[in-house]
$ cat start-v1.csv   # CSV, N, CA and C atoms
chain,number,residue,atom,x,y,z
E,226,MET,N,143.7,28.7,94.1
E,226,MET,CA,145.0,29.0,93.4
E,226,MET,C,144.9,30.3,92.7
E,227,ARG,N,146.1,30.9,92.7
E,227,ARG,CA,146.2,32.2,92.2
E,227,ARG,C,146.5,32.2,90.7
E,228,ASN,N,147.2,33.2,90.3
E,228,ASN,CA,147.5,33.5,88.9
E,228,ASN,C,148.4,32.3,88.4
E,229,LEU,N,147.9,31.6,87.4
E,229,LEU,CA,148.7,30.5,86.8
E,229,LEU,C,149.4,30.9,85.6
E,230,GLN,N,150.6,30.4,85.4
E,230,GLN,CA,151.3,30.7,84.2
E,230,GLN,C,151.5,29.4,83.4
E,231,THR,N,151.6,29.4,82.1
E,231,THR,CA,151.8,28.2,81.4
E,231,THR,C,153.1,28.5,80.5
E,232,LEU,N,153.8,27.4,80.2
E,232,LEU,CA,154.9,27.4,79.3
E,232,LEU,C,154.7,26.3,78.3
E,233,SER,N,155.2,26.6,77.1
E,233,SER,CA,155.2,25.5,76.1
E,233,SER,C,156.6,25.1,75.8
E,234,ILE,N,156.8,23.8,76.1
E,234,ILE,CA,158.1,23.2,75.9
E,234,ILE,C,158.0,21.9,75.1
E,235,ALA,N,158.7,21.8,74.0
E,235,ALA,CA,158.6,20.6,73.2
E,235,ALA,C,157.2,20.1,72.9
E,236,ASN,N,156.4,21.1,72.4
E,236,ASN,CA,155.0,20.8,72.1
E,236,ASN,C,154.1,20.3,73.2
E,237,ASP,N,154.5,20.7,74.4
E,237,ASP,CA,153.8,20.3,75.6
E,237,ASP,C,153.5,21.6,76.4
E,238,GLU,N,152.3,21.8,76.9
E,238,GLU,CA,152.0,22.9,77.7
E,238,GLU,C,152.1,22.6,79.2
E,239,LEU,N,153.0,23.3,79.9
E,239,LEU,CA,153.2,23.1,81.3
E,239,LEU,C,152.6,24.2,82.1
E,240,VAL,N,152.1,23.8,83.3
E,240,VAL,CA,151.5,24.8,84.2
E,240,VAL,C,152.6,25.1,85.3
E,241,VAL,N,152.8,26.4,85.6
E,241,VAL,CA,153.7,26.8,86.7
E,241,VAL,C,152.9,27.2,87.9
E,242,LEU,N,153.2,26.6,89.0
E,242,LEU,CA,152.5,26.9,90.3
E,242,LEU,C,153.5,27.4,91.3
E,243,SER,N,153.0,28.2,92.3
E,243,SER,CA,153.8,28.5,93.4
E,243,SER,C,154.0,27.3,94.2
E,244,ARG,N,155.1,27.2,95.0
E,244,ARG,CA,155.3,26.1,95.9
E,244,ARG,C,154.2,25.8,96.8
E,245,LYS,N,153.6,26.9,97.4
E,245,LYS,CA,152.4,26.8,98.3
E,245,LYS,C,151.2,26.1,97.6
E,246,ASP,N,150.9,26.6,96.4
E,246,ASP,CA,149.8,25.9,95.6
E,246,ASP,C,150.1,24.5,95.3
E,247,PHE,N,151.4,24.2,94.9
E,247,PHE,CA,151.8,22.9,94.6
E,247,PHE,C,151.6,22.0,95.8
E,248,GLU,N,152.1,22.4,96.9
E,248,GLU,CA,152.0,21.6,98.1
E,248,GLU,C,150.5,21.4,98.5
E,249,ARG,N,149.7,22.4,98.3
E,249,ARG,CA,148.3,22.2,98.6
E,249,ARG,C,147.7,21.1,97.8
E,250,LEU,N,148.0,21.1,96.5
E,250,LEU,CA,147.5,20.0,95.6
E,250,LEU,C,148.1,18.7,96.0
E,251,MET,N,149.4,18.6,96.4
E,251,MET,CA,150.0,17.4,96.8
E,251,MET,C,149.3,16.8,98.1
E,252,GLU,N,148.8,17.7,99.0
E,252,GLU,CA,148.1,17.3,100.1
E,252,GLU,C,146.7,16.7,99.7
E,253,LYS,N,146.0,17.4,98.8
E,253,LYS,CA,144.7,16.9,98.4
E,253,LYS,C,144.8,15.6,97.7
E,254,ALA,N,145.9,15.4,97.0
E,254,ALA,CA,146.1,14.1,96.3
E,254,ALA,C,146.6,13.0,97.2
E,255,GLY,N,146.9,13.3,98.5
E,255,GLY,CA,147.4,12.4,99.4
E,255,GLY,C,148.8,12.0,99.3
E,256,VAL,N,149.6,12.8,98.6
E,256,VAL,CA,151.0,12.6,98.5
E,256,VAL,C,151.8,13.1,99.7
E,257,LEU,N,151.4,14.3,100.1
E,257,LEU,CA,151.9,14.9,101.3
E,257,LEU,C,150.9,14.8,102.5
E,258,PRO,N,151.4,14.5,103.7
E,258,PRO,CA,150.4,14.5,104.8
E,258,PRO,C,150.0,15.9,105.1
E,259,ALA,N,148.8,16.1,105.5
E,259,ALA,CA,148.3,17.4,105.9
E,259,ALA,C,148.9,17.9,107.2
E,260,ARG,N,149.1,19.2,107.2
E,260,ARG,CA,149.7,19.8,108.4
E,260,ARG,C,148.6,19.7,109.5
E,261,PRO,N,149.0,19.6,110.8
E,261,PRO,CA,148.1,19.5,111.9
E,261,PRO,C,147.3,20.8,112.0
E,262,ARG,N,146.0,20.7,112.4
E,262,ARG,CA,145.1,21.8,112.5
E,262,ARG,C,145.5,22.6,113.8
E,263,ARG,N,145.3,23.9,113.7
E,263,ARG,CA,145.6,24.8,114.8
E,263,ARG,C,144.4,24.7,115.8
E,264,ASP,N,144.7,24.9,117.1
E,264,ASP,CA,143.6,24.9,118.1
E,264,ASP,C,143.0,26.3,118.1
E,265,ALA,N,142.1,26.5,119.1
E,265,ALA,CA,141.4,27.8,119.2
E,265,ALA,C,142.4,29.0,119.4
E,266,ARG,N,143.5,28.7,120.0
E,266,ARG,CA,144.5,29.8,120.3
E,266,ARG,C,145.6,29.9,119.2
E,267,GLY,N,145.4,29.1,118.1
E,267,GLY,CA,146.3,29.2,117.0
E,267,GLY,C,147.6,28.3,117.1
E,268,ASN,N,147.6,27.4,118.1
E,268,ASN,CA,148.7,26.5,118.3
E,268,ASN,C,148.5,25.2,117.7
E,269,VAL,N,149.6,24.5,117.4
E,269,VAL,CA,149.5,23.1,116.9
E,269,VAL,C,150.4,22.3,117.8
E,270,PRO,N,150.0,21.0,118.0
E,270,PRO,CA,150.8,20.1,118.9
E,270,PRO,C,152.2,20.0,118.3
E,271,ALA,N,153.2,20.2,119.1
E,271,ALA,CA,154.6,20.2,118.6
E,271,ALA,C,155.0,18.9,118.0
E,272,ARG,N,154.6,17.8,118.7
E,272,ARG,CA,155.0,16.5,118.2
E,272,ARG,C,154.4,16.2,116.8
E,273,ALA,N,153.1,16.5,116.7
E,273,ALA,CA,152.5,16.3,115.4
E,273,ALA,C,153.1,17.2,114.3
E,274,ALA,N,153.4,18.4,114.6
E,274,ALA,CA,154.0,19.3,113.6
E,274,ALA,C,155.4,18.8,113.2
E,275,ILE,N,156.2,18.2,114.1
E,275,ILE,CA,157.5,17.7,113.8
E,275,ILE,C,157.3,16.5,112.9
E,276,ASP,N,156.4,15.6,113.3
E,276,ASP,CA,156.2,14.3,112.5
E,276,ASP,C,155.9,14.7,111.0
E,277,VAL,N,154.9,15.6,110.9
E,277,VAL,CA,154.5,16.0,109.5
E,277,VAL,C,155.6,16.7,108.8
E,278,SER,N,156.4,17.5,109.5
E,278,SER,CA,157.5,18.2,108.8
E,278,SER,C,158.5,17.3,108.3
E,279,ILE,N,158.9,16.3,109.1
E,279,ILE,CA,159.8,15.2,108.7
E,279,ILE,C,159.3,14.5,107.5
E,280,ALA,N,158.0,14.1,107.5
E,280,ALA,CA,157.3,13.4,106.4
E,280,ALA,C,157.4,14.2,105.1
E,281,ARG,N,156.9,15.5,105.2
E,281,ARG,CA,156.9,16.3,104.0
E,281,ARG,C,158.3,16.5,103.4
E,282,ASP,N,159.3,16.8,104.3
E,282,ASP,CA,160.6,16.9,103.8
E,282,ASP,C,161.1,15.7,103.1
E,283,LEU,N,160.8,14.5,103.7
E,283,LEU,CA,161.3,13.3,103.1
E,283,LEU,C,160.6,13.1,101.7
E,284,VAL,N,159.3,13.3,101.6
E,284,VAL,CA,158.6,13.2,100.3
E,284,VAL,C,159.2,14.1,99.3
E,285,ASN,N,159.4,15.4,99.7
E,285,ASN,CA,159.9,16.4,98.7
E,285,ASN,C,161.3,16.0,98.3
E,286,ASP,N,162.2,15.6,99.2
E,286,ASP,CA,163.5,15.2,98.9
E,286,ASP,C,163.5,14.0,97.9
E,287,ARG,N,162.7,13.0,98.2
E,287,ARG,CA,162.6,11.8,97.4
E,287,ARG,C,162.2,12.1,96.0
E,288,ILE,N,161.2,13.0,95.9
E,288,ILE,CA,160.6,13.4,94.6
E,288,ILE,C,161.7,14.2,93.8
E,289,ARG,N,162.4,15.1,94.5
E,289,ARG,CA,163.5,15.9,93.9
E,289,ARG,C,164.5,15.0,93.2
E,290,HIS,N,164.8,13.8,93.9
E,290,HIS,CA,165.7,12.8,93.3
E,290,HIS,C,165.1,11.9,92.2
E,291,SER,N,163.8,12.1,92.0
E,291,SER,CA,163.0,11.2,91.1
E,291,SER,C,163.1,9.8,91.5
E,292,TRP,N,163.1,9.5,92.8
E,292,TRP,CA,163.1,8.1,93.3
E,292,TRP,C,161.7,7.7,93.8
E,293,THR,N,161.5,6.4,93.7
E,293,THR,CA,160.3,5.8,94.3
E,293,THR,C,160.6,5.5,95.8
E,294,GLN,N,159.6,5.2,96.5
E,294,GLN,CA,159.8,4.8,97.9
E,294,GLN,C,160.7,3.5,97.9
E,295,THR,N,160.5,2.6,97.0
E,295,THR,CA,161.4,1.4,96.9
E,295,THR,C,162.8,1.8,96.7
E,296,GLU,N,163.1,2.7,95.8
E,296,GLU,CA,164.5,3.1,95.5
E,296,GLU,C,165.1,3.7,96.7
E,297,LEU,N,164.4,4.6,97.4
E,297,LEU,CA,164.9,5.3,98.6
E,297,LEU,C,165.2,4.2,99.7
E,298,ALA,N,164.3,3.3,99.8
E,298,ALA,CA,164.5,2.2,100.8
E,298,ALA,C,165.8,1.4,100.5
E,299,ARG,N,165.9,1.1,99.3
E,299,ARG,CA,167.1,0.3,98.9
E,299,ARG,C,168.4,1.1,99.1
E,300,ARG,N,168.4,2.4,98.7
E,300,ARG,CA,169.6,3.2,98.9
E,300,ARG,C,170.0,3.5,100.3
E,301,ALA,N,168.9,3.6,101.2
E,301,ALA,CA,169.1,3.9,102.6
E,301,ALA,C,169.3,2.6,103.4
E,302,GLY,N,169.0,1.5,102.9
E,302,GLY,CA,169.1,0.2,103.6
E,302,GLY,C,168.1,0.1,104.7
E,303,VAL,N,166.9,0.6,104.4
E,303,VAL,CA,165.7,0.4,105.3
E,303,VAL,C,164.6,-0.3,104.6
E,304,ARG,N,163.6,-0.8,105.3
E,304,ARG,CA,162.5,-1.4,104.7
E,304,ARG,C,161.5,-0.4,104.0
E,305,LEU,N,160.9,-0.9,102.9
E,305,LEU,CA,159.9,-0.1,102.2
E,305,LEU,C,158.8,0.4,103.2
E,306,GLU,N,158.4,-0.5,104.0
E,306,GLU,CA,157.3,-0.2,105.0
E,306,GLU,C,157.7,1.0,105.9
E,307,THR,N,159.0,1.1,106.2
E,307,THR,CA,159.5,2.2,107.1
E,307,THR,C,159.3,3.5,106.3
E,308,ILE,N,159.7,3.5,105.1
E,308,ILE,CA,159.6,4.8,104.3
E,308,ILE,C,158.1,5.2,104.2
E,309,SER,N,157.2,4.2,103.9
E,309,SER,CA,155.8,4.5,103.8
E,309,SER,C,155.2,5.0,105.0
E,310,ARG,N,155.6,4.5,106.2
E,310,ARG,CA,155.1,4.9,107.5
E,310,ARG,C,155.6,6.3,107.8
E,311,ILE,N,156.8,6.6,107.5
E,311,ILE,CA,157.4,7.9,107.8
E,311,ILE,C,156.7,9.0,106.9
E,312,GLU,N,156.6,8.7,105.6
E,312,GLU,CA,156.0,9.6,104.7
E,312,GLU,C,154.5,9.9,105.0
E,313,SER,N,153.8,9.0,105.7
E,313,SER,CA,152.4,9.2,106.0
E,313,SER,C,152.3,10.2,107.2
E,314,GLY,N,153.4,10.4,107.9
E,314,GLY,CA,153.4,11.3,109.0
E,314,GLY,C,152.9,10.7,110.3
E,315,LYS,N,152.7,9.4,110.3
E,315,LYS,CA,152.2,8.7,111.4
E,315,LYS,C,153.2,7.8,112.2
E,316,HIS,N,154.5,7.9,111.8
E,316,HIS,CA,155.5,7.1,112.4
E,316,HIS,C,156.7,8.0,112.7
E,317,ILE,N,157.2,7.9,113.9
E,317,ILE,CA,158.4,8.6,114.4
E,317,ILE,C,159.6,7.7,114.1
E,318,PRO,N,160.4,8.2,113.1
E,318,PRO,CA,161.6,7.4,112.8
E,318,PRO,C,162.7,7.5,113.9
E,319,ARG,N,163.5,6.5,114.1
E,319,ARG,CA,164.6,6.6,115.1
E,319,ARG,C,165.7,7.4,114.4
E,320,GLN,N,166.5,7.9,115.3
E,320,GLN,CA,167.6,8.8,114.8
E,320,GLN,C,168.5,8.0,113.8
E,321,GLU,N,168.7,6.7,114.1
E,321,GLU,CA,169.5,5.9,113.2
E,321,GLU,C,168.9,5.9,111.8
E,322,THR,N,167.6,5.7,111.7
E,322,THR,CA,166.9,5.7,110.4
E,322,THR,C,167.0,7.0,109.7
E,323,LEU,N,166.8,8.1,110.4
E,323,LEU,CA,166.9,9.4,109.8
E,323,LEU,C,168.3,9.6,109.3
E,324,LEU,N,169.4,9.2,110.0
E,324,LEU,CA,170.7,9.3,109.5
E,324,LEU,C,170.9,8.5,108.2
E,325,LYS,N,170.4,7.3,108.1
E,325,LYS,CA,170.5,6.5,106.9
E,325,LYS,C,169.8,7.2,105.7
E,326,LEU,N,168.6,7.7,106.0
E,326,LEU,CA,167.9,8.5,104.9
E,326,LEU,C,168.7,9.7,104.5
E,327,ASP,N,169.2,10.4,105.4
E,327,ASP,CA,170.0,11.6,105.1
E,327,ASP,C,171.2,11.3,104.2
E,328,ARG,N,171.9,10.2,104.6
E,328,ARG,CA,173.1,9.8,103.8
E,328,ARG,C,172.7,9.4,102.4
E,329,ALA,N,171.6,8.7,102.3
E,329,ALA,CA,171.1,8.3,101.0
E,329,ALA,C,170.8,9.5,100.1
E,330,LEU,N,170.0,10.4,100.7
E,330,LEU,CA,169.6,11.6,99.9
E,330,LEU,C,170.7,12.6,99.7
E,331,SER,N,171.7,12.6,100.5
E,331,SER,CA,172.8,13.6,100.3
E,331,SER,C,173.9,13.0,99.5
E,332,GLY,N,173.8,11.7,99.2
E,332,GLY,CA,174.9,11.0,98.4
E,332,GLY,C,176.1,10.7,99.2
E,333,LYS,N,176.1,10.7,100.5
E,333,LYS,CA,177.3,10.5,101.3
E,333,LYS,C,177.5,9.0,101.5
$ encode --input "start-v1.csv" --output "structure tokens"
Amino acid sequence: MRNLQTLSIANDELVVLSRKDFERLMEKAGVLPARPRRDARGNVPARAAIDVSIARDLVNDRIRHSWTQTELARRAGVRLETISRIESGKHIPRQETLLKLDRALSGK
């Protein structure tokens, strides 16, 4: 991690990180799935990259709303297990499920 900044707000010291450093910590903590490794030529498997991209976007959007997986599942009308599998990056959601999640997260 690079240059860290701190802020004091309401007698609490907060640490400010770049988005890249924050996401690296979230990966280490197991909150975000790791991006696929590059092969010897610098390429990543497209399908794996897409799965992880969807998962990471979903986690970030859910956290931005301050929702738990349970709350997102309720608002989207999908099972909690579905949210968990998508966020792990190991499950390919159907288009219908993605649309439900998008509607819930966008407030439509």
$ residues_around --input "start-v1.csv" --residues "Asn228 in chain E" --least-positions-apart "4" --cutoff "12 Å" --atoms "only C-alpha atoms" --output "VMD selection string"
chain E and resid 240 to 243 246
$ closest_residue --input "start-v1.csv" --among "E:Arg281, E:Arg262, E:Arg249, E:Arg272" --to "Ile311 in chain E" --atoms "all atoms listed in the file"
E:Arg281
$ select_by_dssp --input "start-v1.csv" --residues "chain E" --states "alpha helix (DSSP H)" --output "MDAnalysis selection string"
chainID E and resid 244:253 271:289 294:301 305:312 320:331
$ atom_distance --input "start-v1.csv" --atom1 "CA of Leu297 in chain E" --atom2 "CA of Arg244 in chain E"
23.1 Å
$ atom_distance --input "start-v1.csv" --atom1 "CA of His290 in chain E" --atom2 "CA of Lys333 in chain E"
14.3 Å
$ closest_residue --input "start-v1.csv" --among "E:Leu283, E:Leu323, E:Ile317, E:Leu239" --to "Gly302 in chain E" --atoms "only C-alpha atoms"
E:Leu323
$ closest_residue --input "start-v1.csv" --among "E:Gly314, E:Val284, E:Ala329, E:Arg260" --to "Ala298 in chain E" --atoms "only C-alpha atoms"
E:Ala329
$ closest_residue --input "start-v1.csv" --among "E:Leu326, E:Ile288, E:Met251, E:Ala271" --to "Val303 in chain E" --atoms "all atoms listed in the file"
E:Leu326
$ atom_distance --input "start-v1.csv" --atom1 "atom N of Ile275 in chain E" --atom2 "CA of Arg328 in chain E"
21.5 Å
$ residues_around --input "start-v1.csv" --residues "Ala273 in chain E" --least-positions-apart "3" --cutoff "8 Å" --atoms "only N, CA and C atoms" --output "VMD selection string"
chain E and resid 260 to 261 269 to 270 276 to 279 314
$ residues_around --input "start-v1.csv" --residues "Asn285 in chain E" --least-positions-apart "5" --cutoff "12 Å" --atoms "only C-alpha atoms" --output "VMD selection string"
chain E and resid 244 247 to 248 251 to 252 256 to 258 278 to 280 290 to 294 312 330
$ residues_around --input "start-v1.csv" --residues "Thr295 in chain E" --least-positions-apart "3" --cutoff "8 Å" --atoms "only N, CA and C atoms" --output "list in words"
Trp292, Ala298, Arg299, Arg300, Ala301, Arg304, Leu305, Glu306, Ile308 and Ser309 of chain E
$ select_by_dssp --input "start-v1.csv" --residues "chain E" --states "strand (DSSP E or B)" --output "list in words"
Gln230, Thr231, Leu232, Ser233, Ile234, Asp237, Glu238, Leu239, Val240 and Val241 of chain E
